[in-house]
Amino acid sequence: AIIEKYQYTPNMAAKGLKTRRSNFVGVIVPDITNEFFAQIVQEIQNGLRAQGYMAFVCNTGEDEMVEREYMSMLGAVNLAGLIFVSGSTRTVENGLQDLPAIYIDRAPEMGNKDALVIESDNYGGARLAVQELYEKGCRRIACIHSAKVISTYSFRYSGYCDQLALYGLEAEEALHLKVEEISFSAARKAIGDLLDSGVLFDGIFCTTDWLALGAVAALEERGVRVPEEVKIVGFDDISVASLTAKPLTTIHQQTDVLGRTAAEEILRLIDGAPGRAQRIQIGVSLVRRQTT
């Protein structure tokens, strides 16, 4: 009654000094303006807040130096845990190694190989994409993805290659397109260069929707009809994929489940419970629209 009367709230900073554990969870995100990441972060915030924890969100802008600065700053904060949303491929540093930590979307390449990773079924999603293109008649299927060595895109490319092999088709080097940045303009240029090369293709698997949208634009600018002459499948199912003039066939990722699962698992680790698995995989599905 007294708490309600005086609207008392605990001083969490003071509480953290006594218990040596605060109710803050650091969330490292590469680009908060990216819809995919923003949706995951929102779900993490909701899940943490429901259990009395707050998300300390740090947007790095895909800059490793900025990320290191945030990590150094977070080392001075009495965090309860850390969540990397498709961020650093390195494990935590600067005195934060003993904190409960989770990686979403990208697995760390260095350090703790036992880190808990929560990810979509990138490999299976790529196979669904190639299956859709093959069943719609495509036999020369290109793939466009990031030139960076990132687990997410590695799994998607592996799924593409394996599904082609299942059909007795080869993942030709000429149809393997790498871009330095994941963007509309990068895909637009890559597909334009492919057309200029004279290499024949009738389908494109794009490892993100933004790449797919850039590919559609490049083809239509050159008078190549989609999907009559070239069919395209993206990956992510961001909102613009269904709102564009030619709605995009894509692989849907459950960002809400990714975020909720991350919040649940980090709270389990904070409470001292053992992790359920080193990798938790969230299912994906094909959304068929007008580009196939």
# chains A, B, ... in the order shown; residues from 1 in each chain; ligands from 1
>>> select_by_dssp(residues="stretch 79-285 of chain A", states="helix (DSSP H, G or I)", output="VMD selection string")
chain A and resid 122 to 135 151 to 166 173 to 175 184 to 197 209 to 221 240 to 243 255 to 270
>>> closest_atom_pairs(of="stretch 4-73 of chain A", to="stretch 242-261 of chain A", cutoff="10 Å", atoms="only C-alpha atoms", output="CSV")
residue,atom,partner,partner_atom,distance
A:Glu35,CA,A:Thr255,CA,9.7
A:Phe36,CA,A:Thr255,CA,6.9
A:Phe37,CA,A:Thr255,CA,8.2
A:Ala38,CA,A:Thr255,CA,9.2
A:Gln39,CA,A:Thr255,CA,6.2
A:Ile40,CA,A:Gly259,CA,4.5
A:Val41,CA,A:Gly259,CA,6.4
A:Gln42,CA,A:Gly259,CA,7.5
A:Glu43,CA,A:Gly259,CA,4.7
A:Ile44,CA,A:Gly259,CA,4.8
A:Gln45,CA,A:Gly259,CA,8.4
A:Asn46,CA,A:Arg260,CA,8.1
A:Gly47,CA,A:Arg260,CA,6.0
A:Leu48,CA,A:Arg260,CA,8.8
>>> residues_around(residues="stretch 134-146 of chain A", least_positions_apart="3", cutoff="8 Å", atoms="only C-alpha atoms", output="JSON, numbers by chain")
{"A": [130, 131, 149, 153, 157, 160, 169, 175, 176, 177, 178, 179, 180, 181, 182, 187, 200, 201, 202, 203, 204, 205, 206, 207, 208, 211, 231, 292]}
>>> write_last_selection(atoms="N, CA, C and O atoms", output="JSON list (two decimals), in the first residue's frame")
[["chain", "number", "residue", "atom", "x", "y", "z"],
["A", 130, "VAL", "N", 15.18, -22.20, -54.51],
["A", 130, "VAL", "CA", 15.62, -22.85, -55.75],
["A", 130, "VAL", "C", 14.56, -23.82, -56.24],
["A", 130, "VAL", "O", 14.31, -23.93, -57.45],
["A", 131, "GLN", "N", 13.90, -24.50, -55.32],
["A", 131, "GLN", "CA", 12.82, -25.41, -55.70],
["A", 131, "GLN", "C", 11.69, -24.67, -56.42],
["A", 131, "GLN", "O", 11.17, -25.13, -57.44],
["A", 149, "VAL", "N", 32.34, -12.95, -45.69],
["A", 149, "VAL", "CA", 32.19, -14.32, -45.18],
["A", 149, "VAL", "C", 31.36, -14.24, -43.90],
["A", 149, "VAL", "O", 31.86, -13.95, -42.82],
["A", 153, "TYR", "N", 24.86, -15.94, -45.00],
["A", 153, "TYR", "CA", 24.91, -16.05, -46.46],
["A", 153, "TYR", "C", 25.61, -17.33, -46.91],
["A", 153, "TYR", "O", 25.31, -17.87, -47.97],
["A", 157, "TYR", "N", 23.94, -19.85, -49.54],
["A", 157, "TYR", "CA", 24.62, -20.26, -50.77],
["A", 157, "TYR", "C", 24.76, -21.78, -50.83],
["A", 157, "TYR", "O", 24.59, -22.39, -51.89],
["A", 160, "TYR", "N", 21.51, -23.24, -51.89],
["A", 160, "TYR", "CA", 21.34, -23.02, -53.34],
["A", 160, "TYR", "C", 22.09, -24.08, -54.13],
["A", 160, "TYR", "O", 21.55, -24.71, -55.05],
["A", 169, "LEU", "N", 21.81, -30.01, -61.71],
["A", 169, "LEU", "CA", 22.29, -28.76, -62.28],
["A", 169, "LEU", "C", 23.56, -28.31, -61.57],
["A", 169, "LEU", "O", 23.80, -28.65, -60.41],
["A", 175, "LEU", "N", 27.41, -17.59, -62.87],
["A", 175, "LEU", "CA", 26.11, -17.21, -62.30],
["A", 175, "LEU", "C", 26.18, -16.96, -60.80],
["A", 175, "LEU", "O", 25.15, -16.78, -60.15],
["A", 176, "HIS", "N", 27.40, -16.95, -60.26],
["A", 176, "HIS", "CA", 27.61, -16.70, -58.84],
["A", 176, "HIS", "C", 28.04, -15.26, -58.66],
["A", 176, "HIS", "O", 29.18, -14.88, -58.95],
["A", 177, "LEU", "N", 27.13, -14.41, -58.23],
["A", 177, "LEU", "CA", 27.38, -12.96, -58.14],
["A", 177, "LEU", "C", 27.59, -12.54, -56.69],
["A", 177, "LEU", "O", 26.74, -12.77, -55.83],
["A", 178, "LYS", "N", 28.73, -11.89, -56.42],
["A", 178, "LYS", "CA", 29.02, -11.40, -55.08],
["A", 178, "LYS", "C", 29.00, -9.87, -55.09],
["A", 178, "LYS", "O", 29.51, -9.25, -56.01],
["A", 179, "VAL", "N", 28.40, -9.29, -54.07],
["A", 179, "VAL", "CA", 28.35, -7.83, -53.96],
["A", 179, "VAL", "C", 29.01, -7.39, -52.65],
["A", 179, "VAL", "O", 28.96, -8.11, -51.65],
["A", 180, "GLU", "N", 29.65, -6.24, -52.67],
["A", 180, "GLU", "CA", 30.36, -5.74, -51.49],
["A", 180, "GLU", "C", 29.41, -5.22, -50.42],
["A", 180, "GLU", "O", 29.75, -5.20, -49.24],
["A", 181, "GLU", "N", 28.23, -4.78, -50.84],
["A", 181, "GLU", "CA", 27.24, -4.32, -49.86],
["A", 181, "GLU", "C", 25.87, -4.86, -50.24],
["A", 181, "GLU", "O", 25.58, -5.06, -51.43],
["A", 182, "ILE", "N", 25.06, -5.12, -49.22],
["A", 182, "ILE", "CA", 23.70, -5.60, -49.45],
["A", 182, "ILE", "C", 22.81, -4.40, -49.68],
["A", 182, "ILE", "O", 22.36, -3.75, -48.74],
["A", 187, "ALA", "N", 22.85, -4.62, -56.24],
["A", 187, "ALA", "CA", 22.22, -5.69, -57.02],
["A", 187, "ALA", "C", 21.89, -5.21, -58.42],
["A", 187, "ALA", "O", 22.06, -5.95, -59.41],
["A", 200, "LEU", "N", 23.68, -16.47, -70.21],
["A", 200, "LEU", "CA", 22.24, -16.74, -70.18],
["A", 200, "LEU", "C", 21.79, -17.19, -68.80],
["A", 200, "LEU", "O", 22.47, -17.97, -68.13],
["A", 201, "PHE", "N", 20.63, -16.71, -68.38],
["A", 201, "PHE", "CA", 20.02, -17.14, -67.11],
["A", 201, "PHE", "C", 18.53, -16.91, -67.19],
["A", 201, "PHE", "O", 18.06, -16.03, -67.91],
["A", 202, "ASP", "N", 17.78, -17.71, -66.44],
["A", 202, "ASP", "CA", 16.32, -17.56, -66.45],
["A", 202, "ASP", "C", 15.73, -17.49, -65.05],
["A", 202, "ASP", "O", 14.51, -17.45, -64.88],
["A", 203, "GLY", "N", 16.59, -17.49, -64.04],
["A", 203, "GLY", "CA", 16.13, -17.37, -62.66],
["A", 203, "GLY", "C", 17.22, -16.77, -61.80],
["A", 203, "GLY", "O", 18.41, -16.88, -62.11],
["A", 204, "ILE", "N", 16.83, -16.10, -60.72],
["A", 204, "ILE", "CA", 17.80, -15.52, -59.78],
["A", 204, "ILE", "C", 17.33, -15.79, -58.35],
["A", 204, "ILE", "O", 16.19, -15.45, -58.00],
["A", 205, "PHE", "N", 18.20, -16.39, -57.55],
["A", 205, "PHE", "CA", 17.96, -16.48, -56.11],
["A", 205, "PHE", "C", 18.76, -15.37, -55.45],
["A", 205, "PHE", "O", 19.98, -15.33, -55.54],
["A", 206, "CYS", "N", 18.07, -14.44, -54.80],
["A", 206, "CYS", "CA", 18.71, -13.31, -54.12],
["A", 206, "CYS", "C", 18.66, -13.55, -52.62],
["A", 206, "CYS", "O", 17.58, -13.85, -52.08],
["A", 207, "THR", "N", 19.78, -13.43, -51.95],
["A", 207, "THR", "CA", 19.84, -13.80, -50.54],
["A", 207, "THR", "C", 19.23, -12.77, -49.60],
["A", 207, "THR", "O", 19.19, -12.99, -48.39],
["A", 208, "THR", "N", 18.77, -11.62, -50.13],
["A", 208, "THR", "CA", 17.95, -10.69, -49.35],
["A", 208, "THR", "C", 16.92, -10.06, -50.29],
["A", 208, "THR", "O", 17.08, -10.07, -51.51],
["A", 211, "LEU", "N", 18.32, -7.07, -52.39],
["A", 211, "LEU", "CA", 19.03, -7.54, -53.58],
["A", 211, "LEU", "C", 18.03, -7.93, -54.66],
["A", 211, "LEU", "O", 18.23, -7.64, -55.85],
["A", 231, "LYS", "N", 12.71, -15.29, -63.59],
["A", 231, "LYS", "CA", 11.97, -15.36, -62.33],
["A", 231, "LYS", "C", 12.93, -15.09, -61.17],
["A", 231, "LYS", "O", 14.12, -15.41, -61.24],
["A", 292, "THR", "N", 7.53, -14.88, -59.56],
["A", 292, "THR", "CA", 7.70, -16.23, -60.06],
["A", 292, "THR", "C", 6.41, -16.72, -60.72],
["A", 292, "THR", "O", 6.27, -17.88, -61.03]]
>>> atom_distance(atom1="atom CA of A:Thr60", atom2="atom CA of A:Ala190")
26.9 Å
>>> residues_around(residues="A:Ala80", least_positions_apart="5", cutoff="9 Å", atoms="only C-alpha atoms", output="list of chain:residue names")
A:Arg20, A:Arg21, A:Ser22, A:Asn23, A:Phe24, A:Val25, A:Gly26, A:Tyr53, A:Leu99, A:Pro100, A:Leu267, A:Ile270
>>> residues_around(residues="stretch 162-166 of chain A", least_positions_apart="4", cutoff="7 Å", atoms="only C-alpha atoms", output="ChimeraX atom specification")
/A:127,130,158,170-171
>>> atom_distance(atom1="atom CA of A:Val77", atom2="atom CA of A:Ile266")
17.3 Å
>>> residues_around(residues="A:Arg225", least_positions_apart="4", cutoff="12 Å", atoms="only C-alpha atoms", output="PDB file with N, CA and C atoms, in the first residue's frame")
ATOM      1  N   ASP A 202      17.780 -17.708 -66.445  1.00  0.00           N
ATOM      2  CA  ASP A 202      16.322 -17.560 -66.453  1.00  0.00           C
ATOM      3  C   ASP A 202      15.730 -17.492 -65.045  1.00  0.00           C
ATOM      4  N   GLY A 203      16.592 -17.491 -64.041  1.00  0.00           N
ATOM      5  CA  GLY A 203      16.134 -17.370 -62.660  1.00  0.00           C
ATOM      6  C   GLY A 203      17.223 -16.767 -61.797  1.00  0.00           C
ATOM      7  N   ALA A 215      17.517  -6.382 -58.399  1.00  0.00           N
ATOM      8  CA  ALA A 215      17.587  -7.256 -59.571  1.00  0.00           C
ATOM      9  C   ALA A 215      16.382  -7.043 -60.481  1.00  0.00           C
ATOM     10  N   VAL A 216      15.202  -6.946 -59.887  1.00  0.00           N
ATOM     11  CA  VAL A 216      13.984  -6.698 -60.668  1.00  0.00           C
ATOM     12  C   VAL A 216      14.116  -5.390 -61.443  1.00  0.00           C
ATOM     13  N   ALA A 217      14.601  -4.337 -60.764  1.00  0.00           N
ATOM     14  CA  ALA A 217      14.745  -3.034 -61.406  1.00  0.00           C
ATOM     15  C   ALA A 217      15.719  -3.106 -62.583  1.00  0.00           C
ATOM     16  N   ALA A 218      16.856  -3.793 -62.400  1.00  0.00           N
ATOM     17  CA  ALA A 218      17.850  -3.900 -63.465  1.00  0.00           C
ATOM     18  C   ALA A 218      17.285  -4.604 -64.689  1.00  0.00           C
ATOM     19  N   LEU A 219      16.537  -5.681 -64.457  1.00  0.00           N
ATOM     20  CA  LEU A 219      15.962  -6.438 -65.568  1.00  0.00           C
ATOM     21  C   LEU A 219      14.926  -5.621 -66.322  1.00  0.00           C
ATOM     22  N   GLU A 220      14.027  -4.969 -65.589  1.00  0.00           N
ATOM     23  CA  GLU A 220      12.959  -4.224 -66.241  1.00  0.00           C
ATOM     24  C   GLU A 220      13.502  -3.003 -66.981  1.00  0.00           C
ATOM     25  N   GLU A 221      14.584  -2.409 -66.472  1.00  0.00           N
ATOM     26  CA  GLU A 221      15.218  -1.283 -67.170  1.00  0.00           C
ATOM     27  C   GLU A 221      15.776  -1.712 -68.523  1.00  0.00           C
ATOM     28  N   GLU A 229      10.376 -13.876 -68.504  1.00  0.00           N
ATOM     29  CA  GLU A 229      11.687 -14.273 -69.018  1.00  0.00           C
ATOM     30  C   GLU A 229      12.662 -14.667 -67.909  1.00  0.00           C
ATOM     31  N   VAL A 230      12.600 -13.967 -66.808  1.00  0.00           N
ATOM     32  CA  VAL A 230      13.461 -14.286 -65.655  1.00  0.00           C
ATOM     33  C   VAL A 230      12.608 -14.245 -64.388  1.00  0.00           C
ATOM     34  N   LYS A 231      12.710 -15.288 -63.593  1.00  0.00           N
ATOM     35  CA  LYS A 231      11.973 -15.363 -62.329  1.00  0.00           C
ATOM     36  C   LYS A 231      12.926 -15.088 -61.172  1.00  0.00           C
ATOM     37  N   ILE A 232      12.396 -14.495 -60.102  1.00  0.00           N
ATOM     38  CA  ILE A 232      13.239 -14.054 -58.978  1.00  0.00           C
ATOM     39  C   ILE A 232      12.601 -14.430 -57.649  1.00  0.00           C
ATOM     40  N   LYS A 246       5.626  -4.760 -58.394  1.00  0.00           N
ATOM     41  CA  LYS A 246       5.590  -6.193 -58.711  1.00  0.00           C
ATOM     42  C   LYS A 246       5.954  -6.932 -57.428  1.00  0.00           C
ATOM     43  N   GLN A 290       4.385 -12.231 -57.352  1.00  0.00           N
ATOM     44  CA  GLN A 290       4.352 -12.058 -58.807  1.00  0.00           C
ATOM     45  C   GLN A 290       5.685 -12.214 -59.528  1.00  0.00           C
ATOM     46  N   THR A 291       6.808 -12.380 -58.802  1.00  0.00           N
ATOM     47  CA  THR A 291       8.084 -12.498 -59.513  1.00  0.00           C
ATOM     48  C   THR A 291       8.421 -13.932 -59.912  1.00  0.00           C
ATOM     49  N   THR A 292       7.534 -14.876 -59.555  1.00  0.00           N
ATOM     50  CA  THR A 292       7.701 -16.234 -60.059  1.00  0.00           C
ATOM     51  C   THR A 292       6.407 -16.720 -60.719  1.00  0.00           C
TER      52      THR A 292
END
>>> atom_distance(atom1="atom CA of A:Gly81", atom2="atom CA of A:Ile104")
13.9 Å
>>> select_by_dssp(residues="stretch 24-118 of chain A", states="strand (DSSP E or B)", output="compact mmCIF listing (two decimals) with N, CA, C and O atoms, in the first residue's frame")
# COMPACT_ATOMS: atom_id res chain seq x y z
N PHE A 24 19.78 -4.58 -16.87
CA PHE A 24 20.04 -4.14 -18.23
C PHE A 24 20.68 -5.26 -19.05
O PHE A 24 21.62 -5.92 -18.60
N VAL A 25 20.17 -5.43 -20.26
CA VAL A 25 20.75 -6.37 -21.22
C VAL A 25 21.24 -5.57 -22.42
O VAL A 25 20.46 -4.84 -23.03
N GLY A 26 22.51 -5.66 -22.74
CA GLY A 26 23.04 -4.96 -23.90
C GLY A 26 22.60 -5.64 -25.18
O GLY A 26 22.64 -6.87 -25.29
N VAL A 27 22.15 -4.84 -26.15
CA VAL A 27 21.73 -5.37 -27.45
C VAL A 27 22.52 -4.64 -28.53
O VAL A 27 22.36 -3.44 -28.73
N ILE A 28 23.40 -5.35 -29.21
CA ILE A 28 24.24 -4.78 -30.26
C ILE A 28 23.58 -5.05 -31.60
O ILE A 28 23.36 -6.21 -31.97
N VAL A 29 23.25 -4.00 -32.34
CA VAL A 29 22.56 -4.16 -33.63
C VAL A 29 23.31 -3.35 -34.70
O VAL A 29 23.77 -2.24 -34.43
N MET A 54 15.50 -4.31 -19.01
CA MET A 54 15.50 -3.28 -20.03
C MET A 54 16.61 -3.56 -21.04
O MET A 54 17.69 -4.01 -20.68
N ALA A 55 16.32 -3.25 -22.30
CA ALA A 55 17.32 -3.42 -23.36
C ALA A 55 18.14 -2.14 -23.50
O ALA A 55 17.59 -1.05 -23.62
N PHE A 56 19.46 -2.28 -23.47
CA PHE A 56 20.39 -1.18 -23.70
C PHE A 56 20.85 -1.32 -25.14
O PHE A 56 21.79 -2.05 -25.44
N VAL A 57 20.16 -0.63 -26.08
CA VAL A 57 20.37 -0.85 -27.51
C VAL A 57 21.51 0.02 -28.03
O VAL A 57 21.53 1.23 -27.84
N CYS A 58 22.46 -0.63 -28.72
CA CYS A 58 23.61 0.07 -29.30
C CYS A 58 23.63 -0.19 -30.81
O CYS A 58 23.81 -1.32 -31.24
N ASN A 59 23.45 0.86 -31.59
CA ASN A 59 23.43 0.76 -33.05
C ASN A 59 24.83 1.07 -33.60
O ASN A 59 25.32 2.18 -33.45
N GLY A 81 23.45 -9.28 -19.24
CA GLY A 81 23.73 -10.16 -20.38
C GLY A 81 23.88 -9.35 -21.65
O GLY A 81 23.70 -8.13 -21.66
N LEU A 82 24.23 -10.04 -22.74
CA LEU A 82 24.46 -9.40 -24.03
C LEU A 82 23.76 -10.18 -25.13
O LEU A 82 23.77 -11.41 -25.14
N ILE A 83 23.17 -9.44 -26.08
CA ILE A 83 22.58 -10.06 -27.27
C ILE A 83 23.16 -9.35 -28.50
O ILE A 83 23.08 -8.13 -28.61
N PHE A 84 23.75 -10.12 -29.40
CA PHE A 84 24.23 -9.58 -30.66
C PHE A 84 23.19 -9.88 -31.74
O PHE A 84 22.90 -11.05 -32.01
N VAL A 85 22.63 -8.85 -32.36
CA VAL A 85 21.69 -9.04 -33.44
C VAL A 85 22.45 -8.89 -34.75
O VAL A 85 22.71 -7.77 -35.21
N ARG A 90 32.95 -11.73 -33.92
CA ARG A 90 33.84 -12.08 -32.82
C ARG A 90 33.02 -12.20 -31.54
O ARG A 90 31.98 -11.57 -31.40
N ALA A 101 25.65 -14.55 -23.10
CA ALA A 101 25.60 -13.89 -24.40
C ALA A 101 24.90 -14.77 -25.43
O ALA A 101 25.02 -16.00 -25.39
N ILE A 102 24.18 -14.13 -26.34
CA ILE A 102 23.45 -14.82 -27.40
C ILE A 102 23.72 -14.10 -28.71
O ILE A 102 23.84 -12.87 -28.75
N TYR A 103 23.83 -14.87 -29.77
CA TYR A 103 24.01 -14.32 -31.11
C TYR A 103 22.79 -14.65 -31.96
O TYR A 103 22.37 -15.80 -32.02
N ILE A 104 22.23 -13.62 -32.60
CA ILE A 104 21.08 -13.82 -33.49
C ILE A 104 21.53 -13.62 -34.92
O ILE A 104 22.19 -12.62 -35.24
N MET A 110 35.12 -16.31 -34.29
CA MET A 110 36.30 -16.44 -33.44
C MET A 110 35.88 -16.53 -31.98
O MET A 110 34.79 -16.10 -31.60
N LEU A 116 25.69 -19.57 -27.92
CA LEU A 116 24.32 -19.88 -28.33
C LEU A 116 23.94 -18.99 -29.51
O LEU A 116 24.01 -17.76 -29.42
N VAL A 117 23.53 -19.60 -30.61
CA VAL A 117 23.15 -18.89 -31.83
C VAL A 117 21.69 -19.18 -32.13
O VAL A 117 21.27 -20.34 -32.17
N ILE A 118 20.91 -18.12 -32.34
CA ILE A 118 19.51 -18.27 -32.73
C ILE A 118 19.41 -17.75 -34.16
O ILE A 118 19.77 -16.61 -34.45
>>> closest_residue(among="A:Arg188, A:Ile282, A:Leu194, A:Arg288", to="A:Asn122", atoms="only C-alpha atoms")
A:Ile282
>>> residues_around(residues="A:Phe184", least_positions_apart="6", cutoff="7 Å", atoms="only C-alpha atoms", output="list in words")
Trp210, Leu211, Leu213 and Gly214 of chain A
>>> write_last_selection(atoms="all heavy atoms", output="mmCIF file, in the first residue's frame")
data_model
loop_
_atom_site.group_PDB
_atom_site.id
_atom_site.type_symbol
_atom_site.label_atom_id
_atom_site.label_comp_id
_atom_site.auth_asym_id
_atom_site.auth_seq_id
_atom_site.Cartn_x
_atom_site.Cartn_y
_atom_site.Cartn_z
ATOM 1 N N TRP A 210 16.262 -6.845 -50.557
ATOM 2 C CA TRP A 210 16.780 -5.631 -51.202
ATOM 3 C C TRP A 210 17.588 -5.979 -52.448
ATOM 4 O O TRP A 210 17.541 -5.267 -53.453
ATOM 5 C CB TRP A 210 17.603 -4.799 -50.221
ATOM 6 C CG TRP A 210 16.742 -3.966 -49.332
ATOM 7 C CD1 TRP A 210 16.568 -4.081 -47.987
ATOM 8 C CD2 TRP A 210 15.878 -2.889 -49.743
ATOM 9 N NE1 TRP A 210 15.659 -3.147 -47.525
ATOM 10 C CE2 TRP A 210 15.220 -2.412 -48.587
ATOM 11 C CE3 TRP A 210 15.583 -2.300 -50.974
ATOM 12 C CZ2 TRP A 210 14.303 -1.360 -48.618
ATOM 13 C CZ3 TRP A 210 14.666 -1.254 -51.002
ATOM 14 C CH2 TRP A 210 14.039 -0.791 -49.844
ATOM 15 N N LEU A 211 18.320 -7.072 -52.392
ATOM 16 C CA LEU A 211 19.031 -7.535 -53.584
ATOM 17 C C LEU A 211 18.032 -7.932 -54.665
ATOM 18 O O LEU A 211 18.231 -7.644 -55.850
ATOM 19 C CB LEU A 211 19.942 -8.709 -53.240
ATOM 20 C CG LEU A 211 21.143 -8.405 -52.330
ATOM 21 C CD1 LEU A 211 21.909 -9.686 -52.029
ATOM 22 C CD2 LEU A 211 22.061 -7.366 -52.972
ATOM 23 N N LEU A 213 14.972 -6.800 -55.097
ATOM 24 C CA LEU A 213 14.315 -5.612 -55.650
ATOM 25 C C LEU A 213 15.240 -4.888 -56.631
ATOM 26 O O LEU A 213 14.793 -4.384 -57.667
ATOM 27 C CB LEU A 213 13.897 -4.680 -54.510
ATOM 28 C CG LEU A 213 12.783 -5.230 -53.598
ATOM 29 C CD1 LEU A 213 12.651 -4.376 -52.348
ATOM 30 C CD2 LEU A 213 11.462 -5.308 -54.337
ATOM 31 N N GLY A 214 16.529 -4.851 -56.317
ATOM 32 C CA GLY A 214 17.497 -4.256 -57.242
ATOM 33 C C GLY A 214 17.608 -5.057 -58.522
ATOM 34 O O GLY A 214 17.750 -4.494 -59.617
#
>>> closest_residue(among="A:Gly234, A:Gly223, A:Gly168, A:Gly192", to="A:Asp209", atoms="only C-alpha atoms")
A:Gly234
>>> closest_residue(among="A:Glu228, A:Glu4, A:Glu119, A:Ser86", to="A:Arg279", atoms="only C-alpha atoms")
A:Glu119
